[in-house]
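Structure first, then comments.
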Amino acid sequence: MFVRKAGPADASGIARVHVESWRTTYRGIVPNSVLDNLSVEKRENHWKQDLRQGKSRTFVAETSGGEIVGFACGGPERTKAYGYDGELYAIYLLQKCQRKGLGSRLFRAAAQELATDGFRTLLVWVLADNPSRRFYEALGGEKVAEKPVTIGEATLREIAYGWKDIGALVDPE
């Protein structure tokens with residue numbers, strides 16, 4: 001498996017991973033009605049537009065056979081409220097590809113691109129009930145903030161993890 005920068009032709013694969021990952025990761029956390037109504041086609045349209053416009057820096061994890069099994073994307077921090085200039089917007093892997101080092105590779109690729117573009121710090125939001133949030137702690141993320149978020153009819157809690165030096169993610173030594 002390898003990690004590479006995504007292009008518009010990757011929209012379909014990214015959308016499939018996005019929807020499948022939400023359904024496996026958030027089942028029992030996010031209301032079933034939200035998960036059951038996710039649409040690969042709608043996500044694909046979103047990703048086509050995003051990738052054409054270059055709104056975010058997006059990377060995919062791909063098998064040697066060309067199957068996209070994960071992605072990560074980031075860009076400028078959206079709120080300007082926490083003192084961080086970069087943000088990881090999303091990182092998802094198919095369940096069968098988790099815990100194999102691909103998440104770290106995707107995360108570091110996005111961080112490297114952001115650092116190259118002049119970002120110095122990084123923030124990521126994760127649902128508090130998502131057991132994968134330990135991933136960010138293992139990468140040295142420090143809890144910065146918490147806030148409520150409404151998804152469907154549920155009010156959930158999000159935690160922000162931050163890194164004051166994006167360079168530490170790029171070259172951890």
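Residue numbers start at 1 in each chain; chains themselves are named A, B, ... in the order of the structure tokens; ligands are numbered from 1 in the order shown.
Backbone DSSP assigns alpha helix (DSSP H) in region 53-139 of chain A to Gln53, Leu102, Gly103, Ser104, Arg105, Leu106, Phe107, Arg108, Ala109, Ala110, Ala111, Gln112, Glu113, Leu114, Ala115, Thr116, Arg133, Arg134, Phe135, Tyr136, Glu137 and Ala138 of chain A.
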Where does region 94-149 of chain A meet region 73-81 of chain A within 9 Å, residue by residue, with the nearest atom pair and distance in Å to one decimal for each, counting only C-alpha atoms, listed by chain and rising number, as CSV?
```
residue,atom,partner,partner_atom,distance
A:Leu106,CA,A:Cys73,CA,8.7
A:Phe107,CA,A:Cys73,CA,8.5
A:Ala110,CA,A:Cys73,CA,6.3
A:Ala111,CA,A:Gly74,CA,8.0
A:Glu113,CA,A:Gly74,CA,8.9
A:Leu114,CA,A:Gly75,CA,6.8
A:Phe119,CA,A:Pro76,CA,8.0
A:Leu122,CA,A:Glu77,CA,7.8
A:Leu123,CA,A:Glu77,CA,7.1
A:Val124,CA,A:Glu77,CA,8.9
```
task = Once DSSP has gone over the backbone, tell me which residues of region 58-155 of chain A are in strand (DSSP E or B), as a ChimeraX atom specification.
result = /A:58-62,68-76,86-93,122-127,142-151,154-155
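Of the listed residues (A:Leu102, A:Leu169, A:Val17, A:Ala138), A:Leu169 comes nearest to Ala115 (chain A); the distances count only C-alpha atoms.
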Extract, using only C-alpha atoms, all DNA, RNA and protein residues at most 8 Å from region 22-36 of chain A, discarding same-chain residues fewer than 4 positions from it, and format them as a tab-separated table (two decimals) with N, CA, C and O atoms, in the first residue's frame.
```tsv
chain	number	residue	atom	x	y	z
A	18	HIS	N	-15.23	7.27	2.69
A	18	HIS	CA	-15.87	8.21	3.60
A	18	HIS	C	-17.16	7.61	4.18
A	18	HIS	O	-17.35	7.57	5.40
A	95	GLN	N	-12.23	-0.22	7.60
A	95	GLN	CA	-11.97	-0.97	8.82
A	95	GLN	C	-10.90	-2.05	8.62
A	95	GLN	O	-10.04	-2.24	9.47
A	129	ASP	N	-16.58	10.12	21.80
A	129	ASP	CA	-16.89	8.70	21.95
A	129	ASP	C	-16.22	7.82	20.90
A	129	ASP	O	-16.40	6.60	20.90
A	130	ASN	N	-15.46	8.41	20.02
A	130	ASN	CA	-14.76	7.65	18.98
A	130	ASN	C	-13.50	7.03	19.60
A	130	ASN	O	-12.59	7.74	19.99
A	151	ILE	N	-25.39	16.12	15.42
A	151	ILE	CA	-25.39	15.26	14.24
A	151	ILE	C	-26.73	14.55	14.23
A	151	ILE	O	-27.02	13.75	15.12
A	152	GLY	N	-27.55	14.86	13.23
A	152	GLY	CA	-28.90	14.34	13.21
A	152	GLY	C	-29.65	14.87	14.42
A	152	GLY	O	-29.60	16.08	14.69
A	153	GLU	N	-30.29	13.99	15.16
A	153	GLU	CA	-31.04	14.43	16.34
A	153	GLU	C	-30.22	14.33	17.62
A	153	GLU	O	-30.73	14.59	18.71
A	154	ALA	N	-28.95	13.98	17.52
A	154	ALA	CA	-28.10	13.79	18.71
A	154	ALA	C	-27.15	14.96	18.91
A	154	ALA	O	-26.59	15.49	17.96
```
message = Counting only C-alpha atoms, which residue out of A:Tyr161, A:Phe2, A:Trp125, A:Tyr136 sits closest to Phe71 (chain A)?
response = A:Phe2
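In terms of minimum interatomic distance to Glu62 (chain A), A:Gly103 ranks closest within A:Gly103, A:Ala145, A:Val19, A:Gly118, counting only C-alpha atoms.
With distances restricted to only C-alpha atoms, A:Gly86 is the closest residue to Trp163 (chain A) from A:Gly70, A:Gly86, A:Gly13, A:Gly7.
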ask   = Got a sec: who's within 6 Å of Phe59 (chain A), counting only C-alpha atoms, leaving out chain neighbours fewer than 6 positions off, as a list in words?
value = Arg4, Lys5, Ala6, Phe71 and Ala72 of chain A
Of the listed residues A:Gly83, A:Gly162, A:Pro131, A:Gly101, that which approaches Met1 (chain A) most closely, counting only C-alpha atoms = A:Gly101
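With only C-alpha atoms as the atoms that count, the minimum distance from Thr63 (chain A) to the choices A:Ala160, A:Val40, A:Ile91, A:Val3 is reached by A:Val3.
In this structure, CA of Glu146 (chain A) sits 21.0 Å away from CA of Ile166 (chain A).
Atom to atom, CA of Ala90 (chain A) and CA of Asn37 (chain A) stand 19.5 Å apart.
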